[in-house]
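Here is the structure we will look at.
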Amino acid sequence: MAMTRKKQRTVMILAGLGVLAVAVGLIMTALNDTIVFFYTPSEVAEKHISPETRFRLGGLVEEGSWKRGEGAVNNFVITDHDEVLKVAYTGPLPDLFKEGQGVVAEGKLNRAGVFIADTVLAKHDENYMPKEVADSLKKKGYWQHDKDEQSK
C-alpha cells in the first residue's frame, strides 16, 4: 500500500516534531543539572532544602560570627536579619570579606544543617550583589549604603 504525498509529509512532520521534543527534553535535563539556585537564609528555612542540593546562599556576614579554625577553615554565619545559617569554608577568603558585608557562598548543606561552601564571593555594594539579596535586605531595612550613595 503506497502512501500519498500528503501522508508522507504528515509522517515526516510528526517524526521531526518527535525528534525535536526528545532534543528539548535532553537539553532541559542537562540544564537542570547545572543550574544553581540562589537563596537567602529565610528561603532555605522555608523550603527545607535537602542536604545534597547545590545552591547559592546570599546575605550579610553576621557581626562577631567569623572564626578561623584549624588550617584554612573559616566558619561564619550568613544572615538576612530574619534567619541565620552557619557556613564552613576551607580556603582563602576574598579580600573584601568582612563582617557586616554582603556575601554569596556556593555549596551544599550537610546533614547537621551547616552550609559547606566551596566558593565564597564578597560583595561591597549592591552593584555587585545579586539583585534578590539587595532587594531582600532593602525591604527589611538592613541595606548598608555607601556614604557616596547616600549623598546623591
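Letters A, B, ... mark the chains of the C-alpha cells in the order given; residue numbers begin at 1 per chain; ligand numbers begin at 1, in order shown.
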
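Those residues that approach region 54-58 of chain A to within 8 Å, counting only C-alpha atoms, are Val36, Phe37, Phe38, Tyr39, Thr40, Pro41, Ile78, Gly102, Val103, Val104, Ala105, Glu106, Gly107, Lys108, Leu109 and Val133 of chain A; same-chain residues fewer than 5 positions away are not listed.
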
Fill in: Shell around region 98-101 of chain A at 6 Å using only C-alpha atoms, local window under 4 positions removed, as a PyMOL selection string
chain A and resi 60-63

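Note that the spacing between CA of Phe115 (chain A) and CA of Leu93 (chain A) amounts to 15.6 Å.
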
Fill in: Residues within 12 Å of Ser42 (chain A), only C-alpha atoms, excluding chain neighbours under 6 positions, as a list in words
His48, Ile49, Leu57, Gly58, Gly59, Ile78, Thr79, Asp80, His81, Asp82, Glu83, Val84, Leu85, Val133, Ser136 and Leu137 of chain A

Item to complete: Assign secondary structure with DSSP using the backbone only, and return the residues of region 5-84 of chain A in strand (DSSP E) as a list in words.
Response: Phe37, Phe38, Tyr39, Arg54, Phe55, Arg56, Leu57, Gly58, Gly59, Leu60, Val61, Lys67, Arg68, Val73, Asn74, Asn75, Phe76, Val77, Ile78, Thr79 and Val84 of chain A

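CA of Ala122 (chain A) to CA of Pro51 (chain A) spans 23.8 Å [interatomic distance, one decimal].
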
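CA of Leu121 (chain A) to CA of Val77 (chain A) spans 14.2 Å [interatomic distance, one decimal].
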